Amino acid sequence: MYPYDLSGRNKYYTLYENLRGDILRGKIKAGEKLPGKRTLAKELGVSVVTVQTAYDQLLAEGYINSKERSGYFVCPVEVGLRERPSAPPLQEVEKPEYSADFVSGSPPAKLFPFASWAKLMREVLSDCGEHLLERVPCAGDDELKSAISDYLYRARGISVDPRLIVVGAGAEHLYGVIVQLIGRDKLYAVENPCYRKIYQAYSLNGARCAFMPVGEDGADPTAAAAQGAAVFHVSPAHQFPTGAVMPAGARARLINLAEKRGGYIVEDDYDSEFRLFGKPLQNMYALCPDRVIYINTFSKTLAPSMRMGYMVLPPELYKRYKELFGHNSSAVPLFEQKTLARMMAGGTFERHINRLKNYYRGVREALTEKLKAFDCPHYCRDSGGGLHFTAKFSSAPSDEFIKEKALAVGINLKCLSDYLLAPCAGFEKTAVINYSGITLEAAESLDLSRIK
């Protein structure tokens with residue numbers, strides 16, 4: 001009479017759901033008497049307690065009522081429940097395996113400093129204890145902000161008041177905060193081509209965007225400024241994906257433009273730690289801290305999954321940040337902030353960066369050596385910074401041809417044209433070699449001879 005499958009772990013709840021579903025669908029009519037507890041328990045092969053608990057739940061929710069010495073009866077229920085077709089089982093999408101993936105950019109797991117991180121976590125648990133359960137200040141933990149400030153002075157030569165630092169859950173989160181601070185009524189200029197999530201983050205937060213074409217000297221703000229842009233998002237040290245470096249003169253002109261308009265520059269310094277040859281380039285923030293928002297993350301140095309980044313705000317914008325977000329808690333757990341603070345303050349972070357630089361220098365050299373073996377003319381744009389460079393395949397008939405040839409030998413890559421937000425000439429037949437997710441072993445074993 002009641003062919004229910006109660007083989008699962010929670011038998012009483014499964015029985016309750018089946019009975020409730022049949023009542024809502026009208027299979028068990030209003031006024032109909034339910035079987036006695038012992039009768040139903042015997043039929044289903046479960047305990048009387050299981051049936052009693054299911055009946056009690058139905059009784060509490062008003063699906064049935066109890067009549068003394070008579071049993072349980074179904075109450076009238078107006079809402080009907082239509083039969084639903086059984087959903088097909090979810091199928092996991094298999095992640096393709098490549099001999100080299102020049103797109104994802106996630107650092108190889110073996111490069112993460114697991115031992116150091118675990119040791120510091122234990123220290124934080126021992127030293128901070130119950131403090132880790134407290135509310136985290138909206139702009140981040142003071143210990144981490146001080147550690148970031150000290151690190152920026154040592155590594156980048158920037159003097160930063162730690163009170164002006166805001167710790168956030170990754171770059172995209174911080175881009176959204178910037179829109180709320182400056183306003184959706186402003187026009188935001190982004191580089192073209194660029195990392196698409198920058199444009200998407202601004203757009204999703206209600207900002208209007210104009211595009212700045214990227215040339216030999218980095219982003220050209222002329223056209224965007226003519227449209228009324230007041231916020232300029234640039235990566236002057238090493239633009240993605242072109243690899244262009246903005247020279248001092250172009251930086252000065254952009255700063256003058258922002259000052260003249262009362263606007264701001266978002267200086268995205270996303271992979272500045274990986275200047276593999278020569279000294280780090282001077283930041284725009286150091287030249288004009290009142291008009292430049294400096295932003296960076298730990299995605300490349302530690303892991304994207306940690307979702308930690310920070311920005312240094314001009315004093316005027318920090319004041320507005322406190323007004324808007326002062327009552328909120330930080331989106332980054334205090335435990336992770338404290339652990340990272342100790343990693344940066346104790347020198348472990350910089351030693352880790354140096355190991356990464358040495359490792360990626362080997363990866364870069366292996367890849368450029370492979371490219372030298374090509375018969376077709378090609379051009380490599382390599383500024384010596386960051387974790388990617390570009391290679392132009394002049395003899396290739398199209399971008400699709402380059403990507404298909406690469407895929408045929410298990411290589412996943414994109415071309416400059418894939419990062420264009422609006423049509424723009426001059427970016428054809430150029431592959432982006434983003435090697436931050438490539439191991440040295442993979443780089444040395446690549447066969448690039450068939451990509452011609």
# chains A, B, ... in the order shown; residues from 1 in each chain; ligands from 1
>>> residues_around(residues="A:Pro107", least_positions_apart="3", cutoff="12 Å", atoms="only C-alpha atoms", output="PDB file with N, CA and C atoms, in the first residue's frame")
ATOM      1  N   ASP A 101      49.285  24.652 -19.908  1.00  0.00           N
ATOM      2  CA  ASP A 101      48.130  25.544 -19.918  1.00  0.00           C
ATOM      3  C   ASP A 101      48.618  26.978 -19.723  1.00  0.00           C
ATOM      4  N   PHE A 102      48.601  27.754 -20.823  1.00  0.00           N
ATOM      5  CA  PHE A 102      49.052  29.140 -20.767  1.00  0.00           C
ATOM      6  C   PHE A 102      47.881  30.114 -20.578  1.00  0.00           C
ATOM      7  N   VAL A 103      46.784  29.609 -20.018  1.00  0.00           N
ATOM      8  CA  VAL A 103      45.601  30.448 -19.822  1.00  0.00           C
ATOM      9  C   VAL A 103      45.226  30.585 -18.352  1.00  0.00           C
ATOM     10  N   SER A 104      45.174  29.465 -17.627  1.00  0.00           N
ATOM     11  CA  SER A 104      44.626  29.493 -16.258  1.00  0.00           C
ATOM     12  C   SER A 104      45.447  30.368 -15.318  1.00  0.00           C
ATOM     13  N   LYS A 110      52.977  22.780  -6.019  1.00  0.00           N
ATOM     14  CA  LYS A 110      54.250  22.479  -5.349  1.00  0.00           C
ATOM     15  C   LYS A 110      55.016  23.747  -4.965  1.00  0.00           C
ATOM     16  N   LEU A 111      54.627  24.894  -5.517  1.00  0.00           N
ATOM     17  CA  LEU A 111      55.314  26.139  -5.189  1.00  0.00           C
ATOM     18  C   LEU A 111      54.766  26.804  -3.928  1.00  0.00           C
ATOM     19  N   PHE A 112      53.628  26.329  -3.431  1.00  0.00           N
ATOM     20  CA  PHE A 112      53.057  26.946  -2.229  1.00  0.00           C
ATOM     21  C   PHE A 112      53.871  26.524  -1.007  1.00  0.00           C
ATOM     22  N   PRO A 113      54.187  27.476  -0.107  1.00  0.00           N
ATOM     23  CA  PRO A 113      55.015  27.148   1.067  1.00  0.00           C
ATOM     24  C   PRO A 113      54.196  26.498   2.181  1.00  0.00           C
ATOM     25  N   PHE A 298      47.544  38.749  -3.558  1.00  0.00           N
ATOM     26  CA  PHE A 298      48.476  37.655  -3.270  1.00  0.00           C
ATOM     27  C   PHE A 298      48.157  36.433  -4.129  1.00  0.00           C
ATOM     28  N   SER A 299      47.427  36.642  -5.238  1.00  0.00           N
ATOM     29  CA  SER A 299      47.032  35.530  -6.097  1.00  0.00           C
ATOM     30  C   SER A 299      48.229  34.859  -6.761  1.00  0.00           C
ATOM     31  N   LYS A 300      49.184  35.662  -7.222  1.00  0.00           N
ATOM     32  CA  LYS A 300      50.354  35.099  -7.904  1.00  0.00           C
ATOM     33  C   LYS A 300      51.433  34.655  -6.920  1.00  0.00           C
ATOM     34  N   THR A 301      51.559  35.362  -5.811  1.00  0.00           N
ATOM     35  CA  THR A 301      52.628  35.039  -4.868  1.00  0.00           C
ATOM     36  C   THR A 301      52.268  33.868  -3.958  1.00  0.00           C
ATOM     37  N   LEU A 302      50.970  33.693  -3.646  1.00  0.00           N
ATOM     38  CA  LEU A 302      50.545  32.577  -2.803  1.00  0.00           C
ATOM     39  C   LEU A 302      49.588  31.663  -3.569  1.00  0.00           C
ATOM     40  N   ALA A 303      48.318  32.060  -3.664  1.00  0.00           N
ATOM     41  CA  ALA A 303      47.348  31.247  -4.415  1.00  0.00           C
ATOM     42  C   ALA A 303      46.089  32.060  -4.644  1.00  0.00           C
ATOM     43  N   PRO A 304      45.445  31.917  -5.825  1.00  0.00           N
ATOM     44  CA  PRO A 304      44.201  32.641  -6.094  1.00  0.00           C
ATOM     45  C   PRO A 304      43.090  32.287  -5.111  1.00  0.00           C
ATOM     46  N   SER A 305      43.091  31.028  -4.623  1.00  0.00           N
ATOM     47  CA  SER A 305      42.018  30.571  -3.739  1.00  0.00           C
ATOM     48  C   SER A 305      42.033  31.257  -2.383  1.00  0.00           C
ATOM     49  N   LEU A 356      60.398  31.867  -5.763  1.00  0.00           N
ATOM     50  CA  LEU A 356      59.519  31.875  -6.927  1.00  0.00           C
ATOM     51  C   LEU A 356      60.189  32.530  -8.126  1.00  0.00           C
ATOM     52  N   TYR A 359      62.675  30.214  -9.643  1.00  0.00           N
ATOM     53  CA  TYR A 359      61.994  29.118 -10.321  1.00  0.00           C
ATOM     54  C   TYR A 359      61.426  29.590 -11.665  1.00  0.00           C
ATOM     55  N   TYR A 360      60.682  30.706 -11.644  1.00  0.00           N
ATOM     56  CA  TYR A 360      60.058  31.191 -12.871  1.00  0.00           C
ATOM     57  C   TYR A 360      61.084  31.704 -13.876  1.00  0.00           C
ATOM     58  N   LEU A 387      54.802  37.518 -15.287  1.00  0.00           N
ATOM     59  CA  LEU A 387      54.846  36.089 -15.551  1.00  0.00           C
ATOM     60  C   LEU A 387      54.214  35.736 -16.894  1.00  0.00           C
ATOM     61  N   ASN A 434      51.370  32.929 -20.999  1.00  0.00           N
ATOM     62  CA  ASN A 434      51.182  33.154 -19.562  1.00  0.00           C
ATOM     63  C   ASN A 434      51.665  31.900 -18.832  1.00  0.00           C
ATOM     64  N   TYR A 435      52.880  31.964 -18.295  1.00  0.00           N
ATOM     65  CA  TYR A 435      53.522  30.750 -17.785  1.00  0.00           C
ATOM     66  C   TYR A 435      53.477  30.632 -16.261  1.00  0.00           C
ATOM     67  N   SER A 436      52.630  31.418 -15.588  1.00  0.00           N
ATOM     68  CA  SER A 436      52.590  31.357 -14.119  1.00  0.00           C
ATOM     69  C   SER A 436      52.074  30.014 -13.608  1.00  0.00           C
ATOM     70  N   GLY A 437      51.342  29.263 -14.449  1.00  0.00           N
ATOM     71  CA  GLY A 437      50.847  27.961 -14.023  1.00  0.00           C
ATOM     72  C   GLY A 437      51.646  26.792 -14.575  1.00  0.00           C
ATOM     73  N   ILE A 438      52.806  27.076 -15.153  1.00  0.00           N
ATOM     74  CA  ILE A 438      53.609  26.036 -15.812  1.00  0.00           C
ATOM     75  C   ILE A 438      54.757  25.586 -14.912  1.00  0.00           C
ATOM     76  N   THR A 439      54.938  24.292 -14.802  1.00  0.00           N
ATOM     77  CA  THR A 439      56.085  23.775 -14.054  1.00  0.00           C
ATOM     78  C   THR A 439      57.321  23.786 -14.952  1.00  0.00           C
ATOM     79  N   LEU A 440      58.477  23.766 -14.332  1.00  0.00           N
ATOM     80  CA  LEU A 440      59.727  23.748 -15.088  1.00  0.00           C
ATOM     81  C   LEU A 440      59.825  22.472 -15.926  1.00  0.00           C
TER      82      LEU A 440
END
>>> residues_around(residues="A:Pro314", least_positions_apart="6", cutoff="7 Å", atoms="only C-alpha atoms", output="compact mmCIF listing (two decimals) with C-alpha atoms, in the first residue's frame")
# COMPACT_ATOMS: atom_id res chain seq x y z
CA PRO A 289 49.39 59.57 -3.46
CA ASP A 290 46.39 61.94 -3.46
CA ARG A 291 45.20 60.81 -6.90
CA VAL A 292 46.45 57.22 -7.20
CA ILE A 293 44.81 54.11 -5.74
>>> closest_residue(among="A:Val245, A:Leu413, A:Leu420, A:Ala219", to="A:Tyr98", atoms="only C-alpha atoms")
A:Leu413
>>> atom_distance(atom1="atom CA of A:Lys357", atom2="atom CA of A:Phe274")
6.1 Å
>>> residues_around(residues="A:Cys424", least_positions_apart="2", cutoff="10 Å", atoms="only C-alpha atoms", output="PDB file with C-alpha atoms, in the first residue's frame")
ATOM      1  CA  ASN A 192      42.005  47.476 -24.285  1.00  0.00           C
ATOM      2  CA  PRO A 193      43.018  44.651 -24.455  1.00  0.00           C
ATOM      3  CA  PRO A 213      44.028  51.372 -26.544  1.00  0.00           C
ATOM      4  CA  VAL A 214      47.351  49.884 -25.443  1.00  0.00           C
ATOM      5  CA  SER A 417      42.733  39.392 -29.749  1.00  0.00           C
ATOM      6  CA  LEU A 420      40.058  42.781 -26.687  1.00  0.00           C
ATOM      7  CA  LEU A 421      37.000  44.502 -25.239  1.00  0.00           C
ATOM      8  CA  ALA A 422      36.368  46.389 -28.469  1.00  0.00           C
ATOM      9  CA  GLY A 426      47.479  45.644 -34.410  1.00  0.00           C
ATOM     10  CA  PHE A 427      46.952  42.644 -32.134  1.00  0.00           C
ATOM     11  CA  GLU A 428      46.732  39.899 -34.727  1.00  0.00           C
TER      12      GLU A 428
END
>>> closest_atom_pairs(of="stretch 135-184 of chain A", to="stretch 333-352 of chain A", cutoff="9 Å", atoms="only C-alpha atoms", output="Markdown table")
| residue | atom | partner | partner_atom | distance |
| --- | --- | --- | --- | --- |
| A:Arg135 | CA | A:Leu334 | CA | 8.3 |
| A:Val136 | CA | A:Leu334 | CA | 6.2 |
| A:Gly140 | CA | A:Gln337 | CA | 7.8 |
| A:Asp141 | CA | A:Gln337 | CA | 6.7 |
| A:Glu143 | CA | A:Ala341 | CA | 6.1 |
| A:Leu144 | CA | A:Ala341 | CA | 4.3 |
| A:Lys145 | CA | A:Ala341 | CA | 7.8 |
| A:Ser146 | CA | A:Ala341 | CA | 8.1 |
| A:Ala147 | CA | A:Ala345 | CA | 5.4 |
| A:Ile148 | CA | A:Met344 | CA | 7.3 |
| A:Asp150 | CA | A:Ala345 | CA | 7.9 |
| A:Tyr151 | CA | A:Met344 | CA | 7.0 |
| A:Ala155 | CA | A:Glu350 | CA | 8.7 |
| A:Val167 | CA | A:Gln337 | CA | 8.8 |
>>> select_by_dssp(residues="stretch 217-438 of chain A", states="strand (DSSP E)", output="ChimeraX atom specification")
/A:218-219,229-234,264-268,292-297,309-312,378-381,388-393,411-412,414-415,430-434
>>> residues_around(residues="A:Leu174", least_positions_apart="3", cutoff="8 Å", atoms="only C-alpha atoms", output="ChimeraX atom specification")
/A:168-171,177-178,309-311
>>> closest_residue(among="A:Leu152, A:Ala41, A:Ala391, A:Ala396", to="A:Lys370", atoms="only C-alpha atoms")
A:Ala391
>>> closest_atom_pairs(of="stretch 335-412 of chain A", to="stretch 233-241 of chain A", cutoff="8 Å", atoms="only C-alpha atoms", output="CSV")
residue,atom,partner,partner_atom,distance
A:Ser383,CA,A:His238,CA,7.7
A:Gly385,CA,A:His238,CA,6.4
A:Gly386,CA,A:His238,CA,6.3
A:His388,CA,A:Pro241,CA,7.7
A:Phe389,CA,A:Pro241,CA,7.8
A:Thr390,CA,A:Pro241,CA,7.8
>>> write_last_selection(atoms="C-alpha atoms", output="mmCIF file, in the first residue's frame")
data_model
loop_
_atom_site.group_PDB
_atom_site.id
_atom_site.type_symbol
_atom_site.label_atom_id
_atom_site.label_comp_id
_atom_site.auth_asym_id
_atom_site.auth_seq_id
_atom_site.Cartn_x
_atom_site.Cartn_y
_atom_site.Cartn_z
ATOM 1 C CA SER A 383 60.019 43.409 -20.744
ATOM 2 C CA GLY A 385 58.785 41.645 -15.716
ATOM 3 C CA GLY A 386 55.714 39.670 -14.773
ATOM 4 C CA HIS A 388 53.894 36.315 -19.204
ATOM 5 C CA PHE A 389 55.226 37.501 -22.535
ATOM 6 C CA THR A 390 53.886 37.584 -26.084
#
>>> residues_around(residues="A:Gly8", least_positions_apart="6", cutoff="12 Å", atoms="only C-alpha atoms", output="list in words")
Thr14, Leu15 and Val46 of chain A
>>> closest_residue(among="A:Tyr199, A:Asn10, A:Gly262, A:Leu204", to="A:Lys186", atoms="only C-alpha atoms")
A:Gly262
>>> closest_residue(among="A:Lys197, A:Pro397, A:Ile402, A:Glu273", to="A:Arg154", atoms="only C-alpha atoms")
A:Glu273
>>> select_by_dssp(residues="stretch 288-416 of chain A", states="alpha helix (DSSP H)", output="ChimeraX atom specification")
/A:315-325,334-345,348-371,399-408
>>> closest_residue(among="A:Asn283, A:Thr430, A:Pro3, A:Asp447", to="A:Ile411", atoms="only C-alpha atoms")
A:Asp447
>>> residues_around(residues="A:Leu59", least_positions_apart="6", cutoff="10 Å", atoms="only C-alpha atoms", output="NGL selection string")
:A and (53 or 65-66 or 72-75)
